[in-house]
Structure formats: structure tokens, C-alpha cells
Amino acid sequence: MPLRGMKIARRSPGGRLGSAALAGAAGMSGVAAAALWIAGAALPRWAAPLTLLAAALGLGAAALLQRRAEREDERVRRAITAGLAHTLRTPLAHVRMNAEMLASGRVSSPGDQERAVLEIESSTRRLARVVENMVAFASLSRPGLPLLPRAVDLGALVEDAVADAREASRARGVILVADPPGGLMVQADADALRLALDNLIENALQHGAAGDHVTVDAAAEGGRTLIRITDQGPGVAAHDHARIWRPFAALATPGAPERRGGLGLAIVRAVARGHGGDAWMEAAPGGGARFCMTVPTAAPARMAAAS
């Protein structure tokens with residue numbers, strides 16, 4: 001019976017010749033073309049054209065998906081290039097301007113000299129953070145990058161991150177409050193999680209006005225731990241809720257000109273998902289935004305081993 005079916009298919013327009021012609025026109029590899037040729041030859045006359053049509057549609061869909069993926073990759077590359085240029089240009093300009101003023105003697109009073117030095121120091125810290133995020137994003141975006149999870153005291157990690165952000169919060173007049181529960185252990189890569197916390201706190205401070213509160217808290221929820229950073233800023237426009245997680249996305253803050261994001265939130269989501277958790281944004285009670293991320297809670301045995 002199979003031999004008879006093959007004889008029928010050879011005589012039909014949708015048999016071996018039709019399969020080979022379609023495969024060649026679609027740019028298939030030799031192995032794929034042979035597979036389609038054999039499949040067409042083994043079917044009865046009425047089924048062969050349908051099989052070839054389905055194959056053609058499948059090849060077309062695959063090519064369309066490939067083109068879309070390539071366009072998205074190109075969009076991301078251009079966004080990252082433009083975003084990095086924009087992000088680096090301002091602090092570099094401040095460093096150069098203040099250094100030239102100091103070197104030329106145009107800044108004569110001790111107070112002005114101190115302000116110029118502090119501006120250079122502040123801009124240098126911003127540049128260092130950008131470089132650190134660039135390296136982290138490149139690493140986290142690489143498939144198969146292994147994190148090194150271990151039992152980590154989340155409360156201590158949050159307190160350290162908040163302590164390091166105190167100077168920035170005072171400069172903006174934002175009140176930074178940390179309320180992590182004591183003894184809460186998570187199973188996480190401490191360096192990666194600390195980087196995510198730094199970026200979440202910095203993001204909240206950037207959108208806070210003088211007198212606003214930024215609160216960092218966490219809670220265990222079964223096998224996962226929820227970390228929340230809540231601000232009282234202008235919030236995020238509804239159409240930007242998904243876009244804010246993209247590297248250097250163009251964003252529209254309510255009541256303000258369009259601005260470009262950075263790498264921080266993309267890193268936060270990559271860290272959360274790298275631990276099997278996730279990151280998202282929701283409206284905060286009373287206004288503002290609340291950024292959340294989840295990581296695994298450490299098992300009791302691992303907690304005991306870490307203590």
C-alpha cells in the first residue's frame with residue numbers, strides 16, 4: 001500500500017516535483033527539502049496539495065517571525081546606543097567644565113572650588129553607576145549566565161542599600177524609610193540582588209519631590225519573598241507600564257516632557273527572573289508608584305546553614 005501511494009504521488013502535480021520546487025523557492029536547506037519531498041510522495045493525491053500549502057504557510061510564518069525578531073533586536077541596539085550616549089553626555093560635560101574652571105583659575109574662592117570638586121565627584125559617581133549597569137546588563141542578558149544563590153539576610157541587605165542611598169535622598173529632600181522584617185532570609189545571589197535594590201531605590205528617588213517619602217519593605221509569602229519600593233512621585237502613565245522595563249525606553253511622565261529611561265529597571269527584571277521570580281509595577285495607594293520584585297525564600301535548612 002505505501003508503494004502504491006508513492007506511485008500516485010509521483011504522477012500528481014503536488015508530488016515530489018511540486019515539493020522540491022516549493023522547498024527551493026522557500027530557501028529551505030537540502031535536508032528540509034528532502035523531508036518535504038518524501039512526505040509529499042507518501043501521501044495520496046488529494047492530501048498532497050494541502051500538505052504543501054500548510055508547509056508554505058508555516059515557512060512564511062517562520063520567516064515573518066524571524067524578520068520581526070531581527071527588527072526588535074535592531075530597535076533595542078539603537079535604543080541602547082542612543083540611551084548610553086544621552087546618559088553619559090551630561091555627567092561627562094559637568095566633569096569637563098568644572099575641571100577646566102579649576103585648572104584655569106577661574107574659580108578662586110574656596111567655596112566655589114569646593115562646589116566644583118563636589119560636582120566632579122557627583123558626576124563621577126553617576127558615570128560609575130552607568131558603567132556598572134552596562135556591565136551587569138551585558139552579563140544578565142547573556143543566555144545561561146549562572147547566578148550564585150545562597151541564603152542571604154534580606155533585612156541586612158536592604159539596610160546597607162538604604163544607608164548608601166542616604167546622601168542622595170538628602171540631596172533631593174526625599175525621606176527614605178526602610179522597614180524590612182528582621183531575620184527574613186532569601187535564596188539569592190547577594191551581589192545581583194543588591195544591584196537590583198540599588199536601582200529600585202535610585203529610580204524611586206529620581207521621581208520624588210522634596211518632602212516625599214520612599215519606603216522599602218519586604219514580606220515572606222510562602223516559598224517566595226516580595227520586595228516593595230513605594231514612592232509618592234507622579235506615577236507612570238498607563239501606556240508606559242510595560243515599556244518602562246525596556247532598556248532606555250522613551251517614556252512620558254504625566255505633566256512632563258518625554259524622557260528616556262535607563263538600564264536600571266531592565267536589570268531589576270532580569271535579576272528577579274534569573275531567580276525564578278518576577279518584577280512589576282503597580283499604582284501606590286494615595287498616588288505614586290510601587291515597584292515589586294520576588295525572589296525565593298530560603299528553606300529552613302539553608303537558613304540554619306547560613307547562621
# chains A, B, ... in the order shown; residues from 1 in each chain; ligands from 1
call {"tool": "residues_around", "arguments": {"residues": "Asn98 (chain A)", "least_positions_apart": "2", "cutoff": "12 Å", "atoms": "only C-alpha atoms", "output": "PyMOL selection string"}}
result
chain A and resi 91-96+100-107+112-124
call {"tool": "select_by_dssp", "arguments": {"residues": "region 187-257 of chain A", "states": "strand (DSSP E)", "output": "JSON, numbers by chain"}}
result
{"A": [187, 188, 213, 214, 215, 216, 217, 218, 219, 220, 221, 224, 225, 226, 227, 228, 229, 230, 250, 251, 252]}
call {"tool": "residues_around", "arguments": {"residues": "Arg172 (chain A)", "least_positions_apart": "3", "cutoff": "12 Å", "atoms": "only C-alpha atoms", "output": "ChimeraX atom specification"}}
result
/A:165-169,175-176,202,204-214
call {"tool": "residues_around", "arguments": {"residues": "region 273-280 of chain A", "least_positions_apart": "5", "cutoff": "8 Å", "atoms": "only C-alpha atoms", "output": "PDB file with all heavy atoms, in the first residue's frame"}}
result
ATOM      1  N   LEU A 147      23.684  32.418  38.153  1.00  0.00           N
ATOM      2  CA  LEU A 147      23.710  33.171  39.393  1.00  0.00           C
ATOM      3  C   LEU A 147      24.216  32.241  40.487  1.00  0.00           C
ATOM      4  O   LEU A 147      24.251  31.022  40.306  1.00  0.00           O
ATOM      5  CB  LEU A 147      22.308  33.691  39.718  1.00  0.00           C
ATOM      6  CG  LEU A 147      21.738  34.720  38.730  1.00  0.00           C
ATOM      7  CD1 LEU A 147      20.277  35.027  39.058  1.00  0.00           C
ATOM      8  CD2 LEU A 147      22.553  36.005  38.736  1.00  0.00           C
ATOM      9  N   ALA A 188      19.260  33.776  47.227  1.00  0.00           N
ATOM     10  CA  ALA A 188      19.544  34.680  46.119  1.00  0.00           C
ATOM     11  C   ALA A 188      21.040  34.911  45.983  1.00  0.00           C
ATOM     12  O   ALA A 188      21.817  34.679  46.907  1.00  0.00           O
ATOM     13  CB  ALA A 188      18.832  36.018  46.340  1.00  0.00           C
ATOM     14  N   ARG A 224       8.098  32.328  48.433  1.00  0.00           N
ATOM     15  CA  ARG A 224       8.744  33.477  47.809  1.00  0.00           C
ATOM     16  C   ARG A 224       8.709  34.666  48.759  1.00  0.00           C
ATOM     17  O   ARG A 224       7.923  34.712  49.715  1.00  0.00           O
ATOM     18  CB  ARG A 224       8.048  33.850  46.500  1.00  0.00           C
ATOM     19  CG  ARG A 224       6.655  34.409  46.687  1.00  0.00           C
ATOM     20  CD  ARG A 224       6.069  34.918  45.392  1.00  0.00           C
ATOM     21  NE  ARG A 224       4.851  35.695  45.631  1.00  0.00           N
ATOM     22  CZ  ARG A 224       4.288  36.478  44.726  1.00  0.00           C
ATOM     23  NH1 ARG A 224       4.810  36.593  43.534  1.00  0.00           N
ATOM     24  NH2 ARG A 224       3.187  37.157  45.017  1.00  0.00           N
ATOM     25  N   VAL A 268      16.645  45.083  37.021  1.00  0.00           N
ATOM     26  CA  VAL A 268      15.803  44.571  38.111  1.00  0.00           C
ATOM     27  C   VAL A 268      14.997  43.364  37.641  1.00  0.00           C
ATOM     28  O   VAL A 268      14.955  42.324  38.313  1.00  0.00           O
ATOM     29  CB  VAL A 268      14.860  45.685  38.619  1.00  0.00           C
ATOM     30  CG1 VAL A 268      13.805  45.105  39.558  1.00  0.00           C
ATOM     31  CG2 VAL A 268      15.648  46.773  39.325  1.00  0.00           C
ATOM     32  N   PHE A 291       7.046  49.615  43.011  1.00  0.00           N
ATOM     33  CA  PHE A 291       7.770  48.630  42.225  1.00  0.00           C
ATOM     34  C   PHE A 291       8.006  47.402  43.094  1.00  0.00           C
ATOM     35  O   PHE A 291       8.472  47.516  44.234  1.00  0.00           O
ATOM     36  CB  PHE A 291       9.094  49.204  41.729  1.00  0.00           C
ATOM     37  CG  PHE A 291       8.922  50.196  40.618  1.00  0.00           C
ATOM     38  CD1 PHE A 291       8.625  51.521  40.889  1.00  0.00           C
ATOM     39  CD2 PHE A 291       9.018  49.794  39.302  1.00  0.00           C
ATOM     40  CE1 PHE A 291       8.448  52.434  39.870  1.00  0.00           C
ATOM     41  CE2 PHE A 291       8.839  50.700  38.265  1.00  0.00           C
ATOM     42  CZ  PHE A 291       8.551  52.021  38.550  1.00  0.00           C
ATOM     43  N   CYS A 292       7.672  46.239  42.530  1.00  0.00           N
ATOM     44  CA  CYS A 292       7.732  44.991  43.285  1.00  0.00           C
ATOM     45  C   CYS A 292       8.626  43.985  42.567  1.00  0.00           C
ATOM     46  O   CYS A 292       8.686  43.964  41.330  1.00  0.00           O
ATOM     47  CB  CYS A 292       6.331  44.379  43.425  1.00  0.00           C
ATOM     48  SG  CYS A 292       5.078  45.512  44.084  1.00  0.00           S
ATOM     49  N   MET A 293       9.292  43.161  43.347  1.00  0.00           N
ATOM     50  CA  MET A 293      10.028  42.038  42.780  1.00  0.00           C
ATOM     51  C   MET A 293       9.967  40.877  43.763  1.00  0.00           C
ATOM     52  O   MET A 293       9.799  41.082  44.974  1.00  0.00           O
ATOM     53  CB  MET A 293      11.478  42.405  42.461  1.00  0.00           C
ATOM     54  CG  MET A 293      12.367  42.644  43.658  1.00  0.00           C
ATOM     55  SD  MET A 293      14.104  42.977  43.198  1.00  0.00           S
ATOM     56  CE  MET A 293      14.609  41.385  42.537  1.00  0.00           C
ATOM     57  N   THR A 294      10.053  39.672  43.229  1.00  0.00           N
ATOM     58  CA  THR A 294      10.017  38.483  44.071  1.00  0.00           C
ATOM     59  C   THR A 294      11.264  37.643  43.853  1.00  0.00           C
ATOM     60  O   THR A 294      11.798  37.565  42.737  1.00  0.00           O
ATOM     61  CB  THR A 294       8.772  37.623  43.779  1.00  0.00           C
ATOM     62  OG1 THR A 294       8.730  37.302  42.372  1.00  0.00           O
ATOM     63  CG2 THR A 294       7.500  38.353  44.162  1.00  0.00           C
ATOM     64  N   VAL A 295      11.712  37.031  44.951  1.00  0.00           N
ATOM     65  CA  VAL A 295      12.823  36.075  44.917  1.00  0.00           C
ATOM     66  C   VAL A 295      12.454  34.932  45.851  1.00  0.00           C
ATOM     67  O   VAL A 295      11.565  35.075  46.704  1.00  0.00           O
ATOM     68  CB  VAL A 295      14.156  36.724  45.365  1.00  0.00           C
ATOM     69  CG1 VAL A 295      14.621  37.764  44.363  1.00  0.00           C
ATOM     70  CG2 VAL A 295      14.023  37.345  46.747  1.00  0.00           C
ATOM     71  N   PRO A 296      13.092  33.777  45.721  1.00  0.00           N
ATOM     72  CA  PRO A 296      12.742  32.647  46.595  1.00  0.00           C
ATOM     73  C   PRO A 296      13.106  32.909  48.056  1.00  0.00           C
ATOM     74  O   PRO A 296      14.148  33.493  48.360  1.00  0.00           O
ATOM     75  CB  PRO A 296      13.564  31.482  46.023  1.00  0.00           C
ATOM     76  CG  PRO A 296      13.974  31.915  44.655  1.00  0.00           C
ATOM     77  CD  PRO A 296      14.079  33.404  44.703  1.00  0.00           C
TER      78      PRO A 296
END
call {"tool": "residues_around", "arguments": {"residues": "Val130 (chain A)", "least_positions_apart": "2", "cutoff": "10 Å", "atoms": "only C-alpha atoms", "output": "ChimeraX atom specification"}}
result
/A:84,87-88,124-128,132-136,262-264
call {"tool": "closest_residue", "arguments": {"among": "A:Val158, A:Ile244, A:Ala266, A:Leu251", "to": "Ile227 (chain A)", "atoms": "only C-alpha atoms"}}
result
A:Val158
call {"tool": "closest_residue", "arguments": {"among": "A:Asp164, A:Pro285, A:Ala61, A:Gly182", "to": "Ala220 (chain A)", "atoms": "only C-alpha atoms"}}
result
A:Gly182
call {"tool": "closest_residue", "arguments": {"among": "A:Thr225, A:Ala289, A:Gly261, A:Asp191", "to": "Leu148 (chain A)", "atoms": "only C-alpha atoms"}}
result
A:Asp191
call {"tool": "select_by_dssp", "arguments": {"residues": "region 47-233 of chain A", "states": "alpha helix (DSSP H)", "output": "ChimeraX atom specification"}}
result
/A:48-104,110-140,154-172,190-206
call {"tool": "atom_distance", "arguments": {"atom1": "CA of Val174 (chain A)", "atom2": "CA of Ala218 (chain A)"}}
result
20.2 Å
